[in-house]
file final_1.pdb (PDB, C-alpha atoms)
ATOM      1  CA  MET A   1     -11.226  -5.298 -12.277
ATOM      2  CA  ILE A   2     -14.893  -5.747 -11.302
ATOM      3  CA  ASP A   3     -15.612  -7.056 -14.787
ATOM      4  CA  GLN A   4     -12.934  -9.712 -14.394
ATOM      5  CA  VAL A   5     -14.349 -10.781 -11.026
ATOM      6  CA  PHE A   6     -17.848 -11.235 -12.474
ATOM      7  CA  LYS A   7     -16.528 -13.172 -15.456
ATOM      8  CA  SER A   8     -14.474 -15.414 -13.170
ATOM      9  CA  LEU A   9     -17.458 -15.950 -10.891
ATOM     10  CA  ALA A  10     -19.707 -16.864 -13.828
ATOM     11  CA  LEU A  11     -17.161 -19.307 -15.248
ATOM     12  CA  SER A  12     -16.511 -20.794 -11.808
ATOM     13  CA  LEU A  13     -20.233 -21.371 -11.296
ATOM     14  CA  MET A  14     -20.496 -23.040 -14.712
ATOM     15  CA  LEU A  15     -17.572 -25.316 -13.880
ATOM     16  CA  ALA A  16     -19.045 -26.033 -10.442
ATOM     17  CA  VAL A  17     -22.365 -27.071 -11.983
ATOM     18  CA  SER A  18     -20.515 -29.337 -14.420
ATOM     19  CA  CYS A  19     -18.489 -30.936 -11.622
ATOM     20  CA  ARG A  20     -21.585 -31.479  -9.515
ATOM     21  CA  LEU A  21     -23.418 -33.160 -12.407
ATOM     22  CA  PHE A  22     -20.386 -35.310 -13.177
ATOM     23  CA  PHE A  23     -20.046 -36.539  -9.599
ATOM     24  CA  GLU A  24     -23.802 -37.086  -9.185
ATOM     25  CA  THR A  25     -23.928 -39.373 -12.228
ATOM     26  CA  LEU A  26     -21.056 -41.553 -11.000
ATOM     27  CA  ILE A  27     -21.109 -41.480  -7.203
ATOM     28  CA  PRO A  28     -24.025 -41.574  -4.747
ATOM     29  CA  LYS A  29     -24.422 -38.532  -2.524
ATOM     30  CA  ARG A  30     -24.197 -38.698   1.241
ATOM     31  CA  ILE A  31     -27.384 -38.700   3.249
ATOM     32  CA  TRP A  32     -27.441 -35.618   5.469
ATOM     33  CA  THR A  33     -29.581 -35.097   8.533
ATOM     34  CA  TYR A  34     -29.975 -31.431   7.628
ATOM     35  CA  LYS A  35     -31.299 -30.820   4.103
ATOM     36  CA  TRP A  36     -29.603 -27.423   3.749
ATOM     37  CA  VAL A  37     -26.179 -29.111   3.590
ATOM     38  CA  GLU A  38     -27.075 -30.565   0.178
ATOM     39  CA  PHE A  39     -27.345 -27.053  -1.217
ATOM     40  CA  THR A  40     -23.769 -26.190  -0.257
ATOM     41  CA  ILE A  41     -22.191 -28.486  -2.853
ATOM     42  CA  LEU A  42     -22.325 -25.879  -5.611
ATOM     43  CA  PRO A  43     -20.865 -23.049  -3.484
ATOM     44  CA  ALA A  44     -18.123 -25.387  -2.234
ATOM     45  CA  PHE A  45     -17.036 -26.233  -5.783
ATOM     46  CA  ALA A  46     -17.327 -22.585  -6.880
ATOM     47  CA  LEU A  47     -15.354 -21.304  -3.890
ATOM     48  CA  GLY A  48     -12.541 -23.777  -4.490
ATOM     49  CA  ILE A  49     -12.365 -22.867  -8.160
ATOM     50  CA  MET A  50     -12.427 -19.133  -7.360
ATOM     51  CA  ILE A  51      -9.559 -19.542  -4.901
ATOM     52  CA  ILE A  52      -7.539 -21.288  -7.579
ATOM     53  CA  ALA A  53      -8.438 -18.628 -10.137
ATOM     54  CA  PHE A  54      -7.363 -15.671  -8.004
ATOM     55  CA  THR A  55      -4.209 -17.068  -6.424
ATOM     56  CA  GLU A  56      -0.961 -17.702  -8.181
ATOM     57  CA  ILE A  57       1.525 -20.372  -7.303
ATOM     58  CA  LEU A  58       4.912 -20.928  -8.834
ATOM     59  CA  PRO A  59       6.032 -23.101 -10.514
ATOM     60  CA  TYR A  60       2.997 -23.559 -12.722
ATOM     61  CA  ILE A  61       3.324 -27.326 -12.590
ATOM     62  CA  PHE A  62       1.426 -27.151  -9.279
ATOM     63  CA  GLN A  63      -1.709 -25.572 -10.824
ATOM     64  CA  PRO A  64      -3.284 -28.909 -11.883
ATOM     65  CA  ILE A  65      -2.436 -30.403  -8.506
ATOM     66  CA  ARG A  66      -4.490 -27.683  -6.800
ATOM     67  CA  VAL A  67      -7.489 -28.479  -9.013
ATOM     68  CA  ILE A  68      -7.217 -32.166  -8.176
ATOM     69  CA  VAL A  69      -6.970 -31.398  -4.460
ATOM     70  CA  VAL A  70     -10.057 -29.146  -4.522
ATOM     71  CA  PHE A  71     -12.127 -31.739  -6.388
ATOM     72  CA  PHE A  72     -10.856 -34.503  -4.091
ATOM     73  CA  ILE A  73     -11.719 -32.605  -0.903
ATOM     74  CA  VAL A  74     -15.216 -31.661  -2.063
ATOM     75  CA  ALA A  75     -15.870 -35.209  -3.271
ATOM     76  CA  GLN A  76     -14.718 -36.616   0.073
ATOM     77  CA  ILE A  77     -17.057 -34.299   1.960
ATOM     78  CA  TYR A  78     -20.218 -34.524  -0.128
ATOM     79  CA  TYR A  79     -20.121 -37.926  -1.830
ATOM     80  CA  GLN A  80     -19.725 -41.517  -0.674
ATOM     81  CA  VAL A  81     -16.239 -42.094  -2.024
ATOM     82  CA  SER A  82     -13.153 -43.530  -0.460
ATOM     83  CA  VAL A  83      -9.504 -43.041  -1.282
ATOM     84  CA  LEU A  84      -9.119 -46.630  -2.381
TER
END
call {"tool": "encode", "arguments": {"input": "final_1.pdb", "output": "structure tokens"}}
result
Amino acid sequence: MIDQVFKSLALSLMLAVSCRLFFETLIPKRIWTYKWVEFTILPAFALGIMIIAFTEILPYIFQPIRVIVVFFIVAQIYYQVSVL
């Protein structure tokens, strides 16, 4: 069990780094008054991915929708994007 948690955490961090690099190449980041907020992008992506990895939802058609929602929420918070 512990081995699975560490593997999931490592893969979630790798995916979070990839998502952060993808968004930073396409979309400008928000300007924050506190610099420490910029360092929470990676944990926000990783936490969202870990929640998806360790929870199950039926039917499985909703799994991709959860990934899209997590990426959308993090992008809305940390990057200068709009819905339209």
call {"tool": "atom_distance", "arguments": {"input": "final_1.pdb", "atom1": "CA of Pro28 (chain A)", "atom2": "CA of Ile77 (chain A)"}}
result
12.1 Å
call {"tool": "residues_around", "arguments": {"input": "final_1.pdb", "residues": "region 51-68 of chain A", "least_positions_apart": "3", "cutoff": "10 Å", "atoms": "all atoms listed in the file", "output": "NGL selection string"}}
result
:A and (5 or 8-9 or 12 or 46-48 or 71-73)
call {"tool": "atom_distance", "arguments": {"input": "final_1.pdb", "atom1": "CA of Leu13 (chain A)", "atom2": "CA of Val37 (chain A)"}}
result
17.8 Å
call {"tool": "closest_residue", "arguments": {"input": "final_1.pdb", "among": "A:Val74, A:Ile31, A:Cys19, A:Met50", "to": "Lys7 (chain A)", "atoms": "all atoms listed in the file"}}
result
A:Met50
call {"tool": "closest_residue", "arguments": {"input": "final_1.pdb", "among": "A:Phe22, A:Tyr34, A:Ile2, A:Leu11", "to": "Ala75 (chain A)", "atoms": "only C-alpha atoms"}}
result
A:Phe22
call {"tool": "atom_distance", "arguments": {"input": "final_1.pdb", "atom1": "CA of Met14 (chain A)", "atom2": "CA of Phe39 (chain A)"}}
result
15.7 Å
call {"tool": "closest_residue", "arguments": {"input": "final_1.pdb", "among": "A:Leu15, A:Arg30, A:Met1, A:Gln76", "to": "Ile49 (chain A)", "atoms": "only C-alpha atoms"}}
result
A:Leu15
call {"tool": "closest_residue", "arguments": {"input": "final_1.pdb", "among": "A:Leu42, A:Val70, A:Ser82, A:Trp32", "to": "Arg20 (chain A)", "atoms": "all atoms listed in the file"}}
result
A:Leu42
call {"tool": "closest_residue", "arguments": {"input": "final_1.pdb", "among": "A:Val81, A:Ala10, A:Ile41, A:Val69", "to": "Leu26 (chain A)", "atoms": "only C-alpha atoms"}}
result
A:Val81
call {"tool": "axis_aligned_box", "arguments": {"input": "final_1.pdb", "around": "region 56-65 of chain A", "padding_each_side": "8 Å", "output": "AutoDock Vina command-line options"}}
result
--center_x 1.4 --center_y -24.1 --center_z -10.0 --size_x 25.3 --size_y 28.7 --size_z 21.4
